[in-house]
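Heads up, the thing below is written out as structure tokens.
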Amino acid sequence: MLSSNPWPSVIARLLSGGAAVLLLGLVTGRPMLVLLLALSGLLVFNAVQLYRLERWLRRTRRTTPPRAGGLWGVIFDGIARRQDRHRERRHRLARLLERFRESANAMPDGTIVLDGMGEMQWWNRVATRYLALDWPGDRGRRIANLIRHPDFAAYLARADWSDAVKIPAPHDPDRIIEIRIVPYGLDQQLLLARDVTQIHRLETMRRDFVGNITHELRTPLTVLRGMSEQIADMDEPRRDHLARPVALMEQQIERMSRLINDLLLLSRLETEAPPAAEASAVDVAAMVGALVDEARTLSADEHRISASVDEGLAVWGDANELRSAFSNLITNAIKYTEPGGRLDVRWFEAGGEACLAVADTGRGIPAQHIPRLTERFYRVDSGRATRNGGTGLGLAIVKHVLSRHGARLEINSEPGVGSTFSCVFPDPVRRAVDTEQGGWHQS
Ligand SMILES: Nc1ncnc2c1ncn2[C@@H]1O[C@H](COP(=O)(O)OP(=O)(O)OP(=O)(O)O)[C@@H](O)[C@H]1O
Ligand SMILES: [Mg+2]
């Protein structure tokens with residue numbers, strides 16, 4: 001095998017061959033004939049080498065290259081070396097792919113590789129089991145045609161991949177599968193399927209438990225309330241003697257019944273189906289007007305409260321749920337703003353979205369608390385909040401109500417300056433205000 005530059009020896013051979021042909025031509029006196037014969041010989045020699053090369057390249061299995069001296073030998077060896085390198089690289093890739101597939105198969109979650117059209121390219125064993133797929137029969141089929149659960153279809157249509165969807169396994173309705181799609185590369189998607197049956201069962205148990213226990217607590221509370229009313233109806237001397245404990249008792253009964261009502265509302269929000277889309281248009285402007293009137297009474301004119309509403313703007317949904325959410329935000333603003341402070345309630349449209357913003361000049365909330373405010377029972381300053389009578393369920397209710405309406409809660413706050421809580425509805429409806437009879441329509 002020649003590894004150094006072959007050209008000097010090739011040129012030397014050509015020159016010596018040429019000189020020999022010239023000499024022979026002179027000796028025989030027929031230079032043209034000799035030249036013709038020599039060139040024909042060269043042509044035949046090259047044609048034979050080309051033929052050998054072509055025959056060898058045509059073989060699919062690895063074989064040693066044809067032997068030859070000179071330039072042809074260098075070419076044959078060069079091609080053979082390249083082929084070896086190429087083959088080696090291919091083997092390495094295949095081994096890598098095999099290892100990837102083995103590890104994907106060993107994963108406890110189902111994994112499906114989808115192309116840009118949502119067609120299934122590859123999946124692991126767990127996905128086969130969870131989603132009742134057939135390998136390789138289902139290869140190339142669209143995932144939307146195989147998993148036909150309406151919630152999954154809605155998930156695909158929404159195309160919001162920050163979210164996941166839970167559906168019963170196609171061939172085993174007792175098993176709950178959580179599906180999440182993760183986009184990657186240019187146009188690829190990975191579908192991950194996880195068995196969440198156990199978590200789902202625990203979650204259902206927790207929900208039922210909270211629902212039942214709060215329901216059960218209502219009866220003893222009603223009895224206690226009745227008794228405190230009886231004491232209030234007693235004759236003068238005995239009543240006066242008990243006045244203070246009864247007042248305290250009533251305060252606690254009031255607090256507990258508020259807590260129970262909030263817990264029941266939360267458990268209803270969690271278990272019941274969300275209000276049907278386009279159920280009824282809620283006239284938020286009128287609702288805000290009434291809530292602001294109530295707020296003025298609650299604040300006993302200790303705060304300056306302003307309101308501005310876009311009267312033609314509304315949202316589809318459940319009026320009672322929305323009222324309790326908005327009322328919570330307005331009550332908070334009063335509760336956490338010192339007397340003399342200002343409150344501003346606005347209902348407006350911006351960038352195609354409707355927004356109910358409640359701004360106050362209250363004590364504000366330190367940034368580290370903001371992400372946790374919507375957790376149940378979470379209070380920034382539990383000591384003070386308890387005196388204020390808060391239980392920390394208000395914002396959890398707000399969050400649930402909004403998510404049932406496809407809306408989101410945005411919180412901006414600066415300690416010592418004030419807070420703004422905004423409910424943002426992405427799909428508002430509109431009514432022409434001047435035509436009294438005019439219905440609502442999607443804006
Ligand atoms: N406008 C606001 N300004 C300052 N802090 C606020 C404001 N709104 C809420 N917070 C803080 O967030 C916490 C949680 O509010 P949330 O409405 O969930 O509970 P709560 O008002 O304490 O009780 P509940 O609403 O159940 O009676 C409050 O305890 C308070 O610390
Ligand atoms: Mg509250």
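Lettering and numbering for the structure tokens are positional, with chains as A, B, ... in the shown order, residues counted from 1 in each chain, and ligands counted from 1 in the shown order.
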
Set the distance at 8 Å and use only C-alpha atoms: which residues neighbour Ser413 in chain A once local chain neighbours fewer than 4 positions away are removed? I'd like the list as a list in words. Gly364, Ile365, Pro366, Ala367, Val417, Gly418, Ser419 and Thr420 of chain A

Residues of the last selection are to be written out with C-alpha atoms, as a short mmCIF file (atom, residue, chain, number, x, y, z; two decimals), in the first residue's frame.
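That gives us selection36.cif:
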data_model
loop_
_atom_site.label_atom_id
_atom_site.label_comp_id
_atom_site.auth_asym_id
_atom_site.auth_seq_id
_atom_site.Cartn_x
_atom_site.Cartn_y
_atom_site.Cartn_z
CA GLY A 364 -48.27 45.03 49.06
CA ILE A 365 -46.79 41.53 49.01
CA PRO A 366 -43.06 40.63 49.07
CA ALA A 367 -42.08 38.93 45.79
CA VAL A 417 -46.83 50.70 47.42
CA GLY A 418 -49.76 48.46 46.53
CA SER A 419 -50.97 45.46 44.56
CA THR A 420 -52.87 44.78 41.36
#

Counting only C-alpha atoms and all ligand atoms, which residues of chain A sit at most 9 Å from some atom of ligand 2, and what is each one's closest atom pair with its distance in Å to one decimal, listed by chain and rising residue number, as a tab-separated table?
residue	atom	partner	partner_atom_place_in_ligand_line	distance
A:Ser327	CA	ligand 2	1 (Mg)	8.9
A:Asn328	CA	ligand 2	1 (Mg)	5.2
A:Leu329	CA	ligand 2	1 (Mg)	6.6
A:Ile330	CA	ligand 2	1 (Mg)	8.5
A:Thr331	CA	ligand 2	1 (Mg)	6.4
A:Asn332	CA	ligand 2	1 (Mg)	4.7
A:Ala333	CA	ligand 2	1 (Mg)	8.5
A:Lys335	CA	ligand 2	1 (Mg)	8.0
A:Gly390	CA	ligand 2	1 (Mg)	6.1
A:Thr391	CA	ligand 2	1 (Mg)	7.5
A:Gly392	CA	ligand 2	1 (Mg)	6.2
A:Leu393	CA	ligand 2	1 (Mg)	6.7
A:Gly394	CA	ligand 2	1 (Mg)	4.2
A:Leu395	CA	ligand 2	1 (Mg)	6.2

Nearby residues (only C-alpha atoms) at most 8 Å from Asp77 in chain A, same-chain spacing under 3 positions excluded, as number ranges by chain: A: 1, 65, 73-74, 80-81

Restricted to N, CA and C atoms, what would the selected residues look like written as an mmCIF file, in the first residue's frame?
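In the end it all went to part-v8.cif:
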data_model
loop_
_atom_site.group_PDB
_atom_site.id
_atom_site.type_symbol
_atom_site.label_atom_id
_atom_site.label_comp_id
_atom_site.auth_asym_id
_atom_site.auth_seq_id
_atom_site.Cartn_x
_atom_site.Cartn_y
_atom_site.Cartn_z
ATOM 1 N N MET A 1 0.841 -1.188 0.000
ATOM 2 C CA MET A 1 0.000 0.000 0.000
ATOM 3 C C MET A 1 0.881 1.245 0.000
ATOM 4 N N PRO A 65 -9.725 -5.391 -1.771
ATOM 5 C CA PRO A 65 -9.720 -4.731 -3.086
ATOM 6 C C PRO A 65 -8.828 -5.484 -4.072
ATOM 7 N N GLY A 73 -3.234 0.808 -8.013
ATOM 8 C CA GLY A 73 -3.139 0.214 -6.677
ATOM 9 C C GLY A 73 -3.476 1.235 -5.599
ATOM 10 N N VAL A 74 -2.949 2.474 -5.814
ATOM 11 C CA VAL A 74 -3.219 3.544 -4.834
ATOM 12 C C VAL A 74 -4.719 3.829 -4.790
ATOM 13 N N ALA A 80 -10.788 1.435 -0.692
ATOM 14 C CA ALA A 80 -11.014 0.413 0.340
ATOM 15 C C ALA A 80 -10.941 1.035 1.727
ATOM 16 N N ARG A 81 -9.967 1.935 1.925
ATOM 17 C CA ARG A 81 -9.839 2.573 3.241
ATOM 18 C C ARG A 81 -11.072 3.397 3.577
#

I'd like to know which of A:Leu71, A:Ala314, A:Leu259, A:Ala193 is closest to Trp123 in chain A, using only C-alpha atoms.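 Using only C-alpha atoms, Trp123 in chain A sits closest to A:Ala193.
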
Using only C-alpha atoms, which protein or nucleic acid residues come within 12 Å of range 265-273 of chain A? Drop anything in the same chain fewer than 4 positions from it, and give the result as a compact mmCIF listing (two decimals) with N, CA and C atoms, in the first residue's frame.
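Dumped to around.txt:
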# COMPACT_ATOMS: atom_id res chain seq x y z
N GLU A 203 -55.93 11.38 44.79
CA GLU A 203 -56.49 12.72 44.58
C GLU A 203 -58.02 12.68 44.73
N THR A 204 -58.64 11.66 44.14
CA THR A 204 -60.09 11.53 44.24
C THR A 204 -60.49 11.30 45.70
N MET A 205 -59.68 10.46 46.41
CA MET A 205 -59.98 10.19 47.82
C MET A 205 -59.89 11.46 48.65
N ARG A 206 -58.84 12.24 48.38
CA ARG A 206 -58.64 13.49 49.12
C ARG A 206 -59.82 14.43 48.89
N ARG A 207 -60.22 14.54 47.64
CA ARG A 207 -61.32 15.42 47.27
C ARG A 207 -62.61 14.99 47.96
N ASP A 208 -62.89 13.68 47.88
CA ASP A 208 -64.11 13.17 48.51
C ASP A 208 -64.07 13.41 50.00
N PHE A 209 -62.88 13.18 50.59
CA PHE A 209 -62.74 13.32 52.03
C PHE A 209 -63.04 14.76 52.46
N VAL A 210 -62.40 15.72 51.79
CA VAL A 210 -62.61 17.13 52.15
C VAL A 210 -64.08 17.48 51.95
N GLY A 211 -64.65 17.04 50.82
CA GLY A 211 -66.05 17.33 50.53
C GLY A 211 -66.95 16.77 51.63
N ASN A 212 -66.73 15.50 52.00
CA ASN A 212 -67.59 14.85 52.99
C ASN A 212 -67.46 15.49 54.36
N ILE A 213 -66.21 15.69 54.76
CA ILE A 213 -66.01 16.16 56.13
C ILE A 213 -66.57 17.57 56.31
N THR A 214 -66.39 18.42 55.31
CA THR A 214 -66.93 19.78 55.45
C THR A 214 -68.45 19.72 55.50
N HIS A 215 -68.99 18.81 54.70
CA HIS A 215 -70.44 18.66 54.69
C HIS A 215 -70.92 18.22 56.08
N ARG A 258 -67.84 30.33 57.53
CA ARG A 258 -67.24 30.88 56.31
C ARG A 258 -66.21 29.89 55.74
N LEU A 259 -65.42 29.33 56.65
CA LEU A 259 -64.40 28.36 56.24
C LEU A 259 -65.05 27.15 55.55
N ILE A 260 -66.13 26.65 56.18
CA ILE A 260 -66.80 25.48 55.61
C ILE A 260 -67.40 25.81 54.24
N ASN A 261 -68.01 26.98 54.14
CA ASN A 261 -68.58 27.36 52.84
C ASN A 261 -67.51 27.47 51.78
N ALA A 277 -68.95 25.68 27.63
CA ALA A 277 -68.48 26.82 26.85
C ALA A 277 -69.69 27.50 26.24
N ASP A 318 -70.06 31.24 34.26
CA ASP A 318 -71.01 31.06 35.35
C ASP A 318 -70.95 32.31 36.24
N ASN A 320 -72.31 33.11 39.12
CA ASN A 320 -72.07 32.94 40.57
C ASN A 320 -70.60 32.72 40.87
N GLU A 321 -69.98 31.86 40.06
CA GLU A 321 -68.55 31.58 40.28
C GLU A 321 -67.73 32.85 40.08
N LEU A 322 -68.02 33.57 39.01
CA LEU A 322 -67.22 34.77 38.73
C LEU A 322 -67.43 35.81 39.82
N SER A 324 -68.07 35.29 42.98
CA SER A 324 -67.32 34.98 44.20
C SER A 324 -65.82 35.23 44.00
N ALA A 325 -65.32 35.02 42.77
CA ALA A 325 -63.90 35.29 42.52
C ALA A 325 -63.62 36.79 42.62
N GLU A 375 -52.18 28.99 46.81
CA GLU A 375 -52.28 27.71 47.53
C GLU A 375 -53.32 27.84 48.64
N ARG A 376 -53.98 26.72 48.93
CA ARG A 376 -54.96 26.77 50.02
C ARG A 376 -54.30 27.12 51.34
N LEU A 393 -58.21 30.91 51.80
CA LEU A 393 -58.83 30.10 50.74
C LEU A 393 -59.28 30.96 49.56
N GLY A 394 -59.38 32.27 49.81
CA GLY A 394 -59.93 33.18 48.79
C GLY A 394 -59.25 33.06 47.43
N LEU A 395 -57.93 33.19 47.42
CA LEU A 395 -57.23 33.19 46.12
C LEU A 395 -57.20 31.80 45.49
N ALA A 396 -57.28 30.75 46.33
CA ALA A 396 -57.38 29.38 45.76
C ALA A 396 -58.69 29.27 44.98
N ILE A 397 -59.76 29.86 45.53
CA ILE A 397 -61.05 29.85 44.84
C ILE A 397 -60.95 30.65 43.54
N VAL A 398 -60.32 31.84 43.64
CA VAL A 398 -60.18 32.69 42.45
C VAL A 398 -59.48 31.91 41.33
N LYS A 399 -58.37 31.25 41.71
CA LYS A 399 -57.59 30.53 40.70
C LYS A 399 -58.42 29.42 40.04
N HIS A 400 -59.15 28.66 40.86
CA HIS A 400 -59.98 27.59 40.31
C HIS A 400 -61.06 28.12 39.38
N VAL A 401 -61.74 29.17 39.84
CA VAL A 401 -62.82 29.73 39.02
C VAL A 401 -62.25 30.18 37.68
N LEU A 402 -61.12 30.89 37.72
CA LEU A 402 -60.55 31.41 36.48
C LEU A 402 -60.13 30.27 35.56
N SER A 403 -59.50 29.24 36.13
CA SER A 403 -59.04 28.17 35.24
C SER A 403 -60.24 27.44 34.62
N ARG A 404 -61.36 27.38 35.35
CA ARG A 404 -62.57 26.78 34.77
C ARG A 404 -63.14 27.64 33.65
N HIS A 405 -62.73 28.92 33.60
CA HIS A 405 -63.22 29.81 32.55
C HIS A 405 -62.14 30.07 31.50

Filtered DSSP result for range 220-391 of chain A, state strand (DSSP E), as a PyMOL selection string: chain A and resi 281-282+304-309+313-316+342-350+353-360

Out of A:Asp427, A:Glu349, A:Glu338, A:Asp235, which residue has the shortest atom-to-atom distance to Ala285 in chain A when counting only C-alpha atoms?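 Ranking A:Asp427, A:Glu349, A:Glu338, A:Asp235 by distance to Ala285 in chain A, first place goes to A:Glu349.
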
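Once Asn124 in chain A and its same-chain neighbours fewer than 6 positions away are set aside, Arg101, Ala104, Asn105, Gly110, Thr111 and Ile112 of chain A remain within 8 Å of it when counting only C-alpha atoms.
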
Within 7 Å of range 222-228 of chain A using only C-alpha atoms, minus same-chain residues under 3 positions, as a list in words: Arg218, Thr219, Ile231, Ala232, Val246 and Ile253 of chain A

Would you list the contacts of Ala19 in chain A as JSON, numbers by chain, taking every protein, DNA or RNA residue within 12 Å and counting only C-alpha atoms, but skipping same-chain residues closer than 4 positions in sequence? {"A": [12, 13, 14, 15, 23, 24, 25, 26, 31, 34, 35, 38]}

Residues from last step as file, N, CA and C atoms, as an mmCIF file, in the first residue's frame:
data_model
loop_
_atom_site.group_PDB
_atom_site.id
_atom_site.type_symbol
_atom_site.label_atom_id
_atom_site.label_comp_id
_atom_site.auth_asym_id
_atom_site.auth_seq_id
_atom_site.Cartn_x
_atom_site.Cartn_y
_atom_site.Cartn_z
ATOM 1 N N ALA A 12 7.786 9.128 -13.728
ATOM 2 C CA ALA A 12 9.043 8.496 -14.143
ATOM 3 C C ALA A 12 8.757 7.315 -15.064
ATOM 4 N N ARG A 13 7.723 6.518 -14.688
ATOM 5 C CA ARG A 13 7.381 5.360 -15.530
ATOM 6 C C ARG A 13 6.875 5.777 -16.904
ATOM 7 N N LEU A 14 6.052 6.850 -16.923
ATOM 8 C CA LEU A 14 5.529 7.332 -18.204
ATOM 9 C C LEU A 14 6.669 7.798 -19.095
ATOM 10 N N LEU A 15 7.614 8.526 -18.453
ATOM 11 C CA LEU A 15 8.741 9.060 -19.242
ATOM 12 C C LEU A 15 9.600 7.931 -19.798
ATOM 13 N N LEU A 23 12.480 4.973 -28.817
ATOM 14 C CA LEU A 23 13.674 4.233 -29.243
ATOM 15 C C LEU A 23 13.285 3.108 -30.181
ATOM 16 N N LEU A 24 12.238 2.344 -29.759
ATOM 17 C CA LEU A 24 11.799 1.225 -30.580
ATOM 18 C C LEU A 24 11.316 1.722 -31.942
ATOM 19 N N GLY A 25 10.645 2.854 -31.965
ATOM 20 C CA GLY A 25 10.154 3.457 -33.220
ATOM 21 C C GLY A 25 11.308 3.796 -34.130
ATOM 22 N N LEU A 26 12.367 4.353 -33.539
ATOM 23 C CA LEU A 26 13.519 4.742 -34.360
ATOM 24 C C LEU A 26 14.228 3.510 -34.909
ATOM 25 N N PRO A 31 7.817 4.482 -36.369
ATOM 26 C CA PRO A 31 7.460 5.098 -35.076
ATOM 27 C C PRO A 31 5.950 5.189 -34.841
ATOM 28 N N VAL A 34 4.513 1.833 -33.729
ATOM 29 C CA VAL A 34 4.925 1.486 -32.361
ATOM 30 C C VAL A 34 4.110 2.303 -31.343
ATOM 31 N N LEU A 35 3.948 3.623 -31.666
ATOM 32 C CA LEU A 35 3.192 4.506 -30.768
ATOM 33 C C LEU A 35 1.754 4.027 -30.639
ATOM 34 N N ALA A 38 1.619 0.970 -28.514
ATOM 35 C CA ALA A 38 1.850 1.283 -27.088
ATOM 36 C C ALA A 38 0.616 1.907 -26.470
#

Using only C-alpha atoms and all ligand atoms, pick whichever of A:Val345, A:Ala350, A:Met249, A:Leu242 has the shortest atom-to-atom distance to ligand 1. A:Val345

Determine which residues of range 34-66 of chain A DSSP labels as alpha helix (DSSP H) from the backbone of this structure, then write them out as a list of chain:residue names.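 Restricting range 34-66 of chain A to alpha helix (DSSP H) produces A:Val34, A:Leu35, A:Leu36, A:Leu37, A:Ala38, A:Leu39, A:Ser40, A:Gly41, A:Leu42, A:Leu43, A:Val44, A:Phe45, A:Asn46, A:Ala47, A:Val48, A:Gln49, A:Leu50, A:Tyr51, A:Arg52, A:Leu53, A:Glu54, A:Arg55, A:Trp56, A:Leu57, A:Arg58.
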
Of the residues A:Arg342, A:Arg99, A:Arg59, A:Arg141, which is the one nearest to ligand 1, using only C-alpha atoms and all ligand atoms?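 Closest to ligand 1, using only C-alpha atoms and all ligand atoms: A:Arg342.
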